[in-house]
$ cat start28.cif   # mmCIF, N, CA and C atoms
data_query
loop_
_atom_site.label_atom_id
_atom_site.label_comp_id
_atom_site.auth_asym_id
_atom_site.auth_seq_id
_atom_site.Cartn_x
_atom_site.Cartn_y
_atom_site.Cartn_z
N MET A 1 60.67 119.71 136.62
CA MET A 1 61.24 118.42 136.94
C MET A 1 61.99 117.89 135.73
N ASP A 2 63.14 117.37 135.98
CA ASP A 2 63.94 116.83 134.89
C ASP A 2 63.94 115.30 134.96
N PHE A 3 62.99 114.70 134.22
CA PHE A 3 62.90 113.25 134.14
C PHE A 3 62.26 112.89 132.81
N CYS A 4 62.40 111.63 132.47
CA CYS A 4 61.83 111.12 131.22
C CYS A 4 61.01 109.88 131.54
N LEU A 5 59.86 109.75 130.89
CA LEU A 5 59.03 108.57 131.05
C LEU A 5 59.22 107.65 129.86
N ARG A 6 59.36 106.35 130.16
CA ARG A 6 59.46 105.34 129.11
C ARG A 6 58.41 104.27 129.38
N PHE A 7 57.81 103.78 128.32
CA PHE A 7 56.77 102.76 128.42
C PHE A 7 57.24 101.53 127.63
N PRO A 8 57.89 100.57 128.32
CA PRO A 8 58.47 99.42 127.62
C PRO A 8 57.48 98.66 126.73
N ALA A 9 56.23 98.55 127.14
CA ALA A 9 55.23 97.83 126.34
C ALA A 9 54.28 98.78 125.62
N GLY A 10 54.59 100.06 125.63
CA GLY A 10 53.72 101.05 125.02
C GLY A 10 52.68 101.56 125.99
N LEU A 11 51.91 102.54 125.54
CA LEU A 11 50.87 103.16 126.38
C LEU A 11 49.62 103.34 125.53
N ALA A 12 48.59 102.56 125.84
CA ALA A 12 47.28 102.74 125.20
C ALA A 12 46.48 103.60 126.15
N GLU A 13 46.15 104.80 125.74
CA GLU A 13 45.52 105.71 126.68
C GLU A 13 44.29 106.36 126.10
N PRO A 14 43.50 107.00 126.89
CA PRO A 14 43.38 106.76 128.33
C PRO A 14 42.52 105.53 128.59
N THR A 15 42.68 104.98 129.75
CA THR A 15 41.87 103.83 130.12
C THR A 15 41.63 103.82 131.62
N ALA A 16 40.49 103.30 132.01
CA ALA A 16 40.14 103.21 133.43
C ALA A 16 40.28 101.78 133.94
N ASP A 17 40.66 100.82 133.05
CA ASP A 17 40.79 99.43 133.48
C ASP A 17 41.99 98.79 132.79
N ASP A 18 43.16 99.04 133.37
CA ASP A 18 44.39 98.49 132.79
C ASP A 18 45.54 98.68 133.77
N ASN A 19 46.70 98.18 133.38
CA ASN A 19 47.93 98.44 134.11
C ASN A 19 49.04 98.62 133.10
N VAL A 20 50.08 99.35 133.50
CA VAL A 20 51.16 99.63 132.57
C VAL A 20 52.47 99.79 133.34
N ASP A 21 53.53 99.20 132.77
CA ASP A 21 54.86 99.37 133.33
C ASP A 21 55.45 100.68 132.82
N VAL A 22 56.11 101.40 133.73
CA VAL A 22 56.70 102.69 133.38
C VAL A 22 58.11 102.75 133.94
N THR A 23 59.04 103.25 133.14
CA THR A 23 60.38 103.54 133.62
C THR A 23 60.50 105.05 133.75
N ILE A 24 60.91 105.49 134.94
CA ILE A 24 61.12 106.91 135.18
C ILE A 24 62.63 107.13 135.25
N GLU A 25 63.15 107.83 134.24
CA GLU A 25 64.59 108.09 134.16
C GLU A 25 64.87 109.51 134.65
N LEU A 26 65.77 109.63 135.61
CA LEU A 26 66.13 110.92 136.17
C LEU A 26 67.32 111.51 135.44
N ALA A 27 67.50 112.82 135.55
CA ALA A 27 68.59 113.51 134.88
C ALA A 27 69.96 113.02 135.33
N ASP A 28 70.05 112.50 136.55
CA ASP A 28 71.35 112.03 137.07
C ASP A 28 71.71 110.63 136.57
N GLY A 29 70.87 110.04 135.71
CA GLY A 29 71.17 108.73 135.14
C GLY A 29 70.48 107.56 135.81
N ARG A 30 69.89 107.79 136.97
CA ARG A 30 69.16 106.70 137.62
C ARG A 30 67.83 106.48 136.92
N ALA A 31 67.41 105.22 136.89
CA ALA A 31 66.11 104.87 136.31
C ALA A 31 65.39 103.93 137.26
N PHE A 32 64.09 104.18 137.44
CA PHE A 32 63.27 103.39 138.35
C PHE A 32 62.10 102.80 137.59
N SER A 33 61.76 101.57 137.93
CA SER A 33 60.62 100.88 137.34
C SER A 33 59.44 100.93 138.32
N VAL A 34 58.26 101.29 137.80
CA VAL A 34 57.03 101.27 138.57
C VAL A 34 55.93 100.70 137.69
N THR A 35 54.87 100.19 138.30
CA THR A 35 53.72 99.72 137.55
C THR A 35 52.47 100.44 138.04
N PHE A 36 51.79 101.08 137.11
CA PHE A 36 50.54 101.77 137.42
C PHE A 36 49.38 100.81 137.18
N PHE A 37 48.48 100.74 138.15
CA PHE A 37 47.24 99.96 138.05
C PHE A 37 46.08 100.91 138.27
N THR A 38 44.98 100.71 137.56
CA THR A 38 43.78 101.47 137.89
C THR A 38 43.01 100.70 138.96
N VAL A 39 42.18 101.42 139.69
CA VAL A 39 41.33 100.80 140.71
C VAL A 39 40.47 99.72 140.07
N SER A 40 39.88 100.04 138.93
CA SER A 40 39.03 99.08 138.22
C SER A 40 39.81 97.85 137.79
N ASN A 41 41.07 98.02 137.42
CA ASN A 41 41.88 96.89 136.99
C ASN A 41 42.13 95.92 138.14
N LEU A 42 42.27 96.44 139.35
CA LEU A 42 42.43 95.56 140.50
C LEU A 42 41.20 94.67 140.67
N VAL A 43 40.02 95.25 140.51
CA VAL A 43 38.77 94.48 140.59
C VAL A 43 38.72 93.44 139.47
N THR A 44 39.09 93.85 138.26
CA THR A 44 39.10 92.93 137.12
C THR A 44 40.05 91.77 137.36
N LEU A 45 41.25 92.07 137.83
CA LEU A 45 42.22 91.01 138.09
C LEU A 45 41.73 90.05 139.16
N MET A 46 41.15 90.58 140.23
CA MET A 46 40.64 89.72 141.31
C MET A 46 39.52 88.81 140.80
N ALA A 47 38.64 89.34 139.96
CA ALA A 47 37.56 88.53 139.40
C ALA A 47 38.13 87.44 138.48
N ARG A 48 39.09 87.80 137.64
CA ARG A 48 39.70 86.83 136.73
C ARG A 48 40.41 85.74 137.52
N TRP A 49 41.17 86.15 138.52
CA TRP A 49 41.92 85.18 139.32
C TRP A 49 41.00 84.32 140.18
N GLY A 50 39.80 84.84 140.47
CA GLY A 50 38.82 84.03 141.18
C GLY A 50 38.43 82.80 140.37
N LYS A 51 38.52 82.93 139.05
CA LYS A 51 38.19 81.82 138.15
C LYS A 51 39.40 80.94 137.84
N THR A 52 40.59 81.56 137.82
CA THR A 52 41.79 80.80 137.45
C THR A 52 42.51 80.20 138.65
N GLY A 53 42.19 80.68 139.84
CA GLY A 53 42.82 80.16 141.05
C GLY A 53 44.04 80.92 141.51
N GLU A 54 44.49 81.89 140.72
CA GLU A 54 45.67 82.67 141.12
C GLU A 54 45.37 83.50 142.36
N CYS A 55 46.40 83.79 143.12
CA CYS A 55 46.31 84.64 144.32
C CYS A 55 45.14 84.22 145.20
N ALA A 56 45.16 82.93 145.57
CA ALA A 56 44.13 82.35 146.44
C ALA A 56 42.72 82.63 145.90
N ASN A 57 42.57 82.31 144.61
CA ASN A 57 41.28 82.51 143.94
C ASN A 57 40.82 83.96 143.95
N GLY A 58 41.76 84.87 143.70
CA GLY A 58 41.41 86.29 143.61
C GLY A 58 41.21 86.98 144.94
N LEU A 59 41.69 86.39 145.99
CA LEU A 59 41.54 86.98 147.32
C LEU A 59 42.36 88.25 147.48
N TYR A 60 43.48 88.33 146.75
CA TYR A 60 44.35 89.50 146.90
C TYR A 60 45.04 89.82 145.59
N VAL A 61 45.60 91.02 145.53
CA VAL A 61 46.43 91.47 144.41
C VAL A 61 47.67 92.09 145.02
N TRP A 62 48.80 91.77 144.47
CA TRP A 62 50.03 92.45 144.89
C TRP A 62 50.93 92.62 143.68
N ALA A 63 51.78 93.62 143.75
CA ALA A 63 52.79 93.83 142.72
C ALA A 63 53.90 94.68 143.33
N LYS A 64 55.13 94.35 142.97
CA LYS A 64 56.23 95.21 143.37
C LYS A 64 56.05 96.55 142.68
N ASN A 65 56.38 97.60 143.36
CA ASN A 65 56.39 98.95 142.77
C ASN A 65 55.02 99.41 142.28
N MET A 66 53.95 98.95 142.96
CA MET A 66 52.57 99.25 142.55
C MET A 66 52.18 100.69 142.89
N ILE A 67 51.59 101.35 141.90
CA ILE A 67 50.98 102.66 142.09
C ILE A 67 49.55 102.54 141.56
N VAL A 68 48.58 102.91 142.38
CA VAL A 68 47.17 102.79 142.00
C VAL A 68 46.62 104.17 141.66
N VAL A 69 45.99 104.27 140.50
CA VAL A 69 45.41 105.52 140.01
C VAL A 69 43.98 105.25 139.51
N HIS A 70 43.23 106.31 139.29
CA HIS A 70 41.87 106.16 138.76
C HIS A 70 41.87 105.95 137.24
N GLU A 71 42.88 106.51 136.57
CA GLU A 71 42.94 106.44 135.11
C GLU A 71 44.39 106.33 134.66
N ILE A 72 44.62 105.51 133.66
CA ILE A 72 45.94 105.47 133.05
C ILE A 72 45.90 106.37 131.83
N SER A 73 46.66 107.44 131.93
CA SER A 73 46.81 108.39 130.83
C SER A 73 48.14 109.11 131.04
N LEU A 74 48.68 109.65 129.98
CA LEU A 74 49.95 110.34 130.08
C LEU A 74 49.91 111.50 131.08
N PRO A 75 48.86 112.33 131.09
CA PRO A 75 48.83 113.42 132.08
C PRO A 75 48.83 112.92 133.53
N VAL A 76 48.09 111.84 133.80
CA VAL A 76 48.05 111.30 135.17
C VAL A 76 49.41 110.73 135.54
N ILE A 77 49.99 109.94 134.66
CA ILE A 77 51.29 109.33 134.95
C ILE A 77 52.35 110.40 135.13
N ARG A 78 52.34 111.42 134.29
CA ARG A 78 53.32 112.51 134.42
C ARG A 78 53.15 113.23 135.76
N LYS A 79 51.92 113.52 136.16
CA LYS A 79 51.68 114.22 137.42
C LYS A 79 52.16 113.37 138.61
N VAL A 80 51.87 112.07 138.59
CA VAL A 80 52.32 111.17 139.67
C VAL A 80 53.85 111.14 139.69
N ALA A 81 54.48 111.01 138.53
CA ALA A 81 55.94 110.98 138.47
C ALA A 81 56.54 112.27 139.01
N GLU A 82 55.95 113.41 138.64
CA GLU A 82 56.43 114.70 139.17
C GLU A 82 56.38 114.71 140.69
N ASP A 83 55.29 114.22 141.25
CA ASP A 83 55.14 114.20 142.70
C ASP A 83 56.15 113.24 143.34
N LEU A 84 56.32 112.06 142.76
CA LEU A 84 57.26 111.08 143.31
C LEU A 84 58.69 111.61 143.29
N VAL A 85 59.05 112.31 142.22
CA VAL A 85 60.40 112.87 142.11
C VAL A 85 60.55 114.03 143.10
N ALA A 86 59.56 114.91 143.16
CA ALA A 86 59.64 116.09 144.03
C ALA A 86 59.72 115.71 145.51
N THR A 87 58.98 114.70 145.90
CA THR A 87 58.94 114.31 147.31
C THR A 87 60.07 113.34 147.68
N GLY A 88 60.73 112.79 146.67
CA GLY A 88 61.76 111.78 146.93
C GLY A 88 61.20 110.39 147.13
N ASP A 89 59.88 110.25 147.02
CA ASP A 89 59.25 108.94 147.22
C ASP A 89 59.56 107.94 146.12
N LEU A 90 60.04 108.42 144.98
CA LEU A 90 60.35 107.50 143.88
C LEU A 90 61.36 106.46 144.32
N GLN A 91 62.30 106.85 145.16
CA GLN A 91 63.33 105.92 145.63
C GLN A 91 62.73 104.83 146.52
N SER A 92 61.61 105.11 147.17
CA SER A 92 60.94 104.11 148.02
C SER A 92 59.96 103.26 147.22
N VAL A 93 59.24 103.89 146.31
CA VAL A 93 58.20 103.21 145.55
C VAL A 93 58.77 102.42 144.38
N GLY A 94 59.70 103.01 143.67
CA GLY A 94 60.23 102.39 142.46
C GLY A 94 61.37 101.44 142.74
N CYS A 95 61.61 100.59 141.77
CA CYS A 95 62.74 99.65 141.82
C CYS A 95 63.85 100.26 140.96
N LEU A 96 65.00 100.49 141.57
CA LEU A 96 66.14 101.04 140.83
C LEU A 96 66.60 100.02 139.80
N ILE A 97 66.56 100.39 138.52
CA ILE A 97 66.96 99.45 137.48
C ILE A 97 68.24 99.85 136.77
N SER A 98 68.65 101.11 136.93
CA SER A 98 69.96 101.52 136.41
C SER A 98 70.44 102.74 137.18
N SER A 99 71.74 102.82 137.27
CA SER A 99 72.37 103.91 138.00
C SER A 99 73.70 104.21 137.36
N PRO A 100 74.13 105.47 137.35
CA PRO A 100 75.43 105.78 136.75
C PRO A 100 76.58 105.10 137.50
N LEU A 101 76.34 104.65 138.74
CA LEU A 101 77.36 103.99 139.53
C LEU A 101 77.44 102.50 139.23
N GLN A 102 76.42 101.95 138.54
CA GLN A 102 76.43 100.53 138.20
C GLN A 102 77.33 100.32 137.00
N SER A 103 78.01 99.17 136.98
CA SER A 103 78.84 98.89 135.81
C SER A 103 78.16 97.97 134.86
#

$ encode --input "start28.cif" --output "structure tokens"
Amino acid sequence: MDFCLRFPAGLAEPTADDNVDVTIELADGRAFSVTFFTVSNLVTLMARWGKTGECANGLYVWAKNMIVVHEISLPVIRKVAEDLVATGDLQSVGCLISSPLQS
């Protein structure tokens, strides 16, 4: 697979309770933004928001371009990205943030 992973805020790995923004850049110049969340991080966010009142007091979690994994680590993210690129699902899951056709 010909793609590059970028981590705008960095990558502290591995972790089972976190989320991270990832840019997946394809060889053709397109780049897609996705956010990886761990299952545990969803529980953590819901508990925190239950106290702060966000998302109806932690009743739900949503995010654009959400991908849920068991662990945030470079091998996991790379494997998911390979699958998304191979299946073409990246175009459905990710948000297109740059394209060679954009000016």

$ resolve_selection --input "start28.cif" --expression "the PyMOL selection byres (((chain A and resi 74 and name CA) around 10) and name CA)" --output "list in words"
Leu5, Leu11, Ala12, Glu13, Pro14, Glu71, Ile72, Ser73, Pro75, Val76, Ile77, Arg78, Lys79 and Val80 of chain A

$ resolve_selection --input "start28.cif" --expression "the PyMOL selection byres ((chain A and resi 85-98) around 7)" --output "NGL selection string"
:A and (29-34 or 64-66 or 80-84 or 99-102)

$ select_by_dssp --input "start28.cif" --residues "chain A" --states "helix (DSSP H, G or I)" --output "ChimeraX atom specification"
/A:39-52,54-58,74-87,90-93

$ write_last_selection --input "start28.cif" --atoms "N, CA and C atoms" --output "tab-separated table (two decimals), in the frame of the given file"
chain	number	residue	atom	x	y	z
A	39	VAL	N	42.18	101.42	139.69
A	39	VAL	CA	41.33	100.80	140.71
A	39	VAL	C	40.47	99.72	140.07
A	40	SER	N	39.88	100.04	138.93
A	40	SER	CA	39.03	99.08	138.22
A	40	SER	C	39.81	97.85	137.79
A	41	ASN	N	41.07	98.02	137.42
A	41	ASN	CA	41.88	96.89	136.99
A	41	ASN	C	42.13	95.92	138.14
A	42	LEU	N	42.27	96.44	139.35
A	42	LEU	CA	42.43	95.56	140.50
A	42	LEU	C	41.20	94.67	140.67
A	43	VAL	N	40.02	95.25	140.51
A	43	VAL	CA	38.77	94.48	140.59
A	43	VAL	C	38.72	93.44	139.47
A	44	THR	N	39.09	93.85	138.26
A	44	THR	CA	39.10	92.93	137.12
A	44	THR	C	40.05	91.77	137.36
A	45	LEU	N	41.25	92.07	137.83
A	45	LEU	CA	42.22	91.01	138.09
A	45	LEU	C	41.73	90.05	139.16
A	46	MET	N	41.15	90.58	140.23
A	46	MET	CA	40.64	89.72	141.31
A	46	MET	C	39.52	88.81	140.80
A	47	ALA	N	38.64	89.34	139.96
A	47	ALA	CA	37.56	88.53	139.40
A	47	ALA	C	38.13	87.44	138.48
A	48	ARG	N	39.09	87.80	137.64
A	48	ARG	CA	39.70	86.83	136.73
A	48	ARG	C	40.41	85.74	137.52
A	49	TRP	N	41.17	86.15	138.52
A	49	TRP	CA	41.92	85.18	139.32
A	49	TRP	C	41.00	84.32	140.18
A	50	GLY	N	39.80	84.84	140.47
A	50	GLY	CA	38.82	84.03	141.18
A	50	GLY	C	38.43	82.80	140.37
A	51	LYS	N	38.52	82.93	139.05
A	51	LYS	CA	38.19	81.82	138.15
A	51	LYS	C	39.40	80.94	137.84
A	52	THR	N	40.59	81.56	137.82
A	52	THR	CA	41.79	80.80	137.45
A	52	THR	C	42.51	80.20	138.65
A	54	GLU	N	44.49	81.89	140.72
A	54	GLU	CA	45.67	82.67	141.12
A	54	GLU	C	45.37	83.50	142.36
A	55	CYS	N	46.40	83.79	143.12
A	55	CYS	CA	46.31	84.64	144.32
A	55	CYS	C	45.14	84.22	145.20
A	56	ALA	N	45.16	82.93	145.57
A	56	ALA	CA	44.13	82.35	146.44
A	56	ALA	C	42.72	82.63	145.90
A	57	ASN	N	42.57	82.31	144.61
A	57	ASN	CA	41.28	82.51	143.94
A	57	ASN	C	40.82	83.96	143.95
A	58	GLY	N	41.76	84.87	143.70
A	58	GLY	CA	41.41	86.29	143.61
A	58	GLY	C	41.21	86.98	144.94
A	74	LEU	N	48.68	109.65	129.98
A	74	LEU	CA	49.95	110.34	130.08
A	74	LEU	C	49.91	111.50	131.08
A	75	PRO	N	48.86	112.33	131.09
A	75	PRO	CA	48.83	113.42	132.08
A	75	PRO	C	48.83	112.92	133.53
A	76	VAL	N	48.09	111.84	133.80
A	76	VAL	CA	48.05	111.30	135.17
A	76	VAL	C	49.41	110.73	135.54
A	77	ILE	N	49.99	109.94	134.66
A	77	ILE	CA	51.29	109.33	134.95
A	77	ILE	C	52.35	110.40	135.13
A	78	ARG	N	52.34	111.42	134.29
A	78	ARG	CA	53.32	112.51	134.42
A	78	ARG	C	53.15	113.23	135.76
A	79	LYS	N	51.92	113.52	136.16
A	79	LYS	CA	51.68	114.22	137.42
A	79	LYS	C	52.16	113.37	138.61
A	80	VAL	N	51.87	112.07	138.59
A	80	VAL	CA	52.32	111.17	139.67
A	80	VAL	C	53.85	111.14	139.69
A	81	ALA	N	54.48	111.01	138.53
A	81	ALA	CA	55.94	110.98	138.47
A	81	ALA	C	56.54	112.27	139.01
A	82	GLU	N	55.95	113.41	138.64
A	82	GLU	CA	56.43	114.70	139.17
A	82	GLU	C	56.38	114.71	140.69
A	83	ASP	N	55.29	114.22	141.25
A	83	ASP	CA	55.14	114.20	142.70
A	83	ASP	C	56.15	113.24	143.34
A	84	LEU	N	56.32	112.06	142.76
A	84	LEU	CA	57.26	111.08	143.31
A	84	LEU	C	58.69	111.61	143.29
A	85	VAL	N	59.05	112.31	142.22
A	85	VAL	CA	60.40	112.87	142.11
A	85	VAL	C	60.55	114.03	143.10
A	86	ALA	N	59.56	114.91	143.16
A	86	ALA	CA	59.64	116.09	144.03
A	86	ALA	C	59.72	115.71	145.51
A	87	THR	N	58.98	114.70	145.90
A	87	THR	CA	58.94	114.31	147.31
A	87	THR	C	60.07	113.34	147.68
A	90	LEU	N	60.04	108.42	144.98
A	90	LEU	CA	60.35	107.50	143.88
A	90	LEU	C	61.36	106.46	144.32
A	91	GLN	N	62.30	106.85	145.16
A	91	GLN	CA	63.33	105.92	145.63
A	91	GLN	C	62.73	104.83	146.52
A	92	SER	N	61.61	105.11	147.17
A	92	SER	CA	60.94	104.11	148.02
A	92	SER	C	59.96	103.26	147.22
A	93	VAL	N	59.24	103.89	146.31
A	93	VAL	CA	58.20	103.21	145.55
A	93	VAL	C	58.77	102.42	144.38

$ closest_residue --input "start28.cif" --among "A:Thr38, A:Cys4, A:Asp18, A:Ile24" --to "Val69 of chain A" --atoms "all atoms listed in the file"
A:Thr38

$ axis_aligned_box --input "start28.cif" --around "segment 62-74 of chain A" --padding-each-side "3 Å" --output "AutoDock Vina command-line options"
--center_x 49.1 --center_y 101.6 --center_z 137.4 --size_x 20.5 --size_y 25.7 --size_z 20.9

$ resolve_selection --input "start28.cif" --expression "the PyMOL selection byres ((chain A and resi 3) around 5)" --output "VMD selection string"
chain A and resid 1 to 2 4 to 5 25 to 27

$ atom_distance --input "start28.cif" --atom1 "atom N of Ala16 of chain A" --atom2 "atom C of Val39 of chain A"
8.8 Å

$ residues_around --input "start28.cif" --residues "Ala9 of chain A" --least-positions-apart "6" --cutoff "8 Å" --atoms "only N, CA and C atoms" --output "short mmCIF file (atom, residue, chain, number, x, y, z; two decimals) with N, CA and C atoms, in the frame of the given file"
data_model
loop_
_atom_site.label_atom_id
_atom_site.label_comp_id
_atom_site.auth_asym_id
_atom_site.auth_seq_id
_atom_site.Cartn_x
_atom_site.Cartn_y
_atom_site.Cartn_z
N VAL A 20 50.08 99.35 133.50
CA VAL A 20 51.16 99.63 132.57
C VAL A 20 52.47 99.79 133.34
N ASP A 21 53.53 99.20 132.77
CA ASP A 21 54.86 99.37 133.33
C ASP A 21 55.45 100.68 132.82
N VAL A 22 56.11 101.40 133.73
CA VAL A 22 56.70 102.69 133.38
C VAL A 22 58.11 102.75 133.94
#

$ select_by_dssp --input "start28.cif" --residues "segment 41-100 of chain A" --states "strand (DSSP E)" --output "list in words"
Met66, Ile67, Val68, Val69, Cys95, Leu96, Ile97 and Ser98 of chain A

$ closest_residue --input "start28.cif" --among "A:Val61, A:Glu54, A:Ile67, A:Pro8" --to "Phe37 of chain A" --atoms "only C-alpha atoms"
A:Ile67

$ closest_residue --input "start28.cif" --among "A:Gly53, A:Asp17, A:Gly58, A:Asp28" --to "Asn41 of chain A" --atoms "only N, CA and C atoms"
A:Asp17

$ build_atoms --input "start28.cif" --residues "segment 53-69 of chain A" --atoms "N, CA, C and O atoms" --output "PDB file, keeping the file's coordinate frame"
ATOM      1  N   GLY A  53      42.190  80.680 139.840  1.00  0.00           N
ATOM      2  CA  GLY A  53      42.820  80.160 141.050  1.00  0.00           C
ATOM      3  C   GLY A  53      44.040  80.920 141.510  1.00  0.00           C
ATOM      4  O   GLY A  53      44.576  80.651 142.584  1.00  0.00           O
ATOM      5  N   GLU A  54      44.490  81.890 140.720  1.00  0.00           N
ATOM      6  CA  GLU A  54      45.670  82.670 141.120  1.00  0.00           C
ATOM      7  C   GLU A  54      45.370  83.500 142.360  1.00  0.00           C
ATOM      8  O   GLU A  54      44.222  83.881 142.610  1.00  0.00           O
ATOM      9  N   CYS A  55      46.400  83.790 143.120  1.00  0.00           N
ATOM     10  CA  CYS A  55      46.310  84.640 144.320  1.00  0.00           C
ATOM     11  C   CYS A  55      45.140  84.220 145.200  1.00  0.00           C
ATOM     12  O   CYS A  55      44.272  85.031 145.549  1.00  0.00           O
ATOM     13  N   ALA A  56      45.160  82.930 145.570  1.00  0.00           N
ATOM     14  CA  ALA A  56      44.130  82.350 146.440  1.00  0.00           C
ATOM     15  C   ALA A  56      42.720  82.630 145.900  1.00  0.00           C
ATOM     16  O   ALA A  56      41.849  83.109 146.592  1.00  0.00           O
ATOM     17  N   ASN A  57      42.570  82.310 144.610  1.00  0.00           N
ATOM     18  CA  ASN A  57      41.280  82.510 143.940  1.00  0.00           C
ATOM     19  C   ASN A  57      40.820  83.960 143.950  1.00  0.00           C
ATOM     20  O   ASN A  57      39.643  84.255 144.141  1.00  0.00           O
ATOM     21  N   GLY A  58      41.760  84.870 143.700  1.00  0.00           N
ATOM     22  CA  GLY A  58      41.410  86.290 143.610  1.00  0.00           C
ATOM     23  C   GLY A  58      41.210  86.980 144.940  1.00  0.00           C
ATOM     24  O   GLY A  58      40.654  88.064 144.993  1.00  0.00           O
ATOM     25  N   LEU A  59      41.690  86.390 145.990  1.00  0.00           N
ATOM     26  CA  LEU A  59      41.540  86.980 147.320  1.00  0.00           C
ATOM     27  C   LEU A  59      42.360  88.250 147.480  1.00  0.00           C
ATOM     28  O   LEU A  59      41.979  89.149 148.220  1.00  0.00           O
ATOM     29  N   TYR A  60      43.480  88.330 146.750  1.00  0.00           N
ATOM     30  CA  TYR A  60      44.350  89.500 146.900  1.00  0.00           C
ATOM     31  C   TYR A  60      45.040  89.820 145.590  1.00  0.00           C
ATOM     32  O   TYR A  60      45.065  89.009 144.661  1.00  0.00           O
ATOM     33  N   VAL A  61      45.600  91.020 145.530  1.00  0.00           N
ATOM     34  CA  VAL A  61      46.430  91.470 144.410  1.00  0.00           C
ATOM     35  C   VAL A  61      47.670  92.090 145.020  1.00  0.00           C
ATOM     36  O   VAL A  61      47.578  92.846 145.983  1.00  0.00           O
ATOM     37  N   TRP A  62      48.800  91.770 144.470  1.00  0.00           N
ATOM     38  CA  TRP A  62      50.030  92.450 144.890  1.00  0.00           C
ATOM     39  C   TRP A  62      50.930  92.620 143.680  1.00  0.00           C
ATOM     40  O   TRP A  62      50.823  91.881 142.696  1.00  0.00           O
ATOM     41  N   ALA A  63      51.780  93.620 143.750  1.00  0.00           N
ATOM     42  CA  ALA A  63      52.790  93.830 142.720  1.00  0.00           C
ATOM     43  C   ALA A  63      53.900  94.680 143.330  1.00  0.00           C
ATOM     44  O   ALA A  63      53.623  95.585 144.125  1.00  0.00           O
ATOM     45  N   LYS A  64      55.130  94.350 142.970  1.00  0.00           N
ATOM     46  CA  LYS A  64      56.230  95.210 143.370  1.00  0.00           C
ATOM     47  C   LYS A  64      56.050  96.550 142.680  1.00  0.00           C
ATOM     48  O   LYS A  64      55.598  96.598 141.534  1.00  0.00           O
ATOM     49  N   ASN A  65      56.380  97.600 143.360  1.00  0.00           N
ATOM     50  CA  ASN A  65      56.390  98.950 142.770  1.00  0.00           C
ATOM     51  C   ASN A  65      55.020  99.410 142.280  1.00  0.00           C
ATOM     52  O   ASN A  65      54.892 100.122 141.305  1.00  0.00           O
ATOM     53  N   MET A  66      53.950  98.950 142.960  1.00  0.00           N
ATOM     54  CA  MET A  66      52.570  99.250 142.550  1.00  0.00           C
ATOM     55  C   MET A  66      52.180 100.690 142.890  1.00  0.00           C
ATOM     56  O   MET A  66      52.397 101.161 143.999  1.00  0.00           O
ATOM     57  N   ILE A  67      51.590 101.350 141.900  1.00  0.00           N
ATOM     58  CA  ILE A  67      50.980 102.660 142.090  1.00  0.00           C
ATOM     59  C   ILE A  67      49.550 102.540 141.560  1.00  0.00           C
ATOM     60  O   ILE A  67      49.335 102.092 140.434  1.00  0.00           O
ATOM     61  N   VAL A  68      48.580 102.910 142.380  1.00  0.00           N
ATOM     62  CA  VAL A  68      47.170 102.790 142.000  1.00  0.00           C
ATOM     63  C   VAL A  68      46.620 104.170 141.660  1.00  0.00           C
ATOM     64  O   VAL A  68      46.785 105.125 142.432  1.00  0.00           O
ATOM     65  N   VAL A  69      45.990 104.270 140.500  1.00  0.00           N
ATOM     66  CA  VAL A  69      45.410 105.520 140.010  1.00  0.00           C
ATOM     67  C   VAL A  69      43.980 105.250 139.510  1.00  0.00           C
ATOM     68  O   VAL A  69      43.593 104.108 139.319  1.00  0.00           O
TER      69      VAL A  69
END
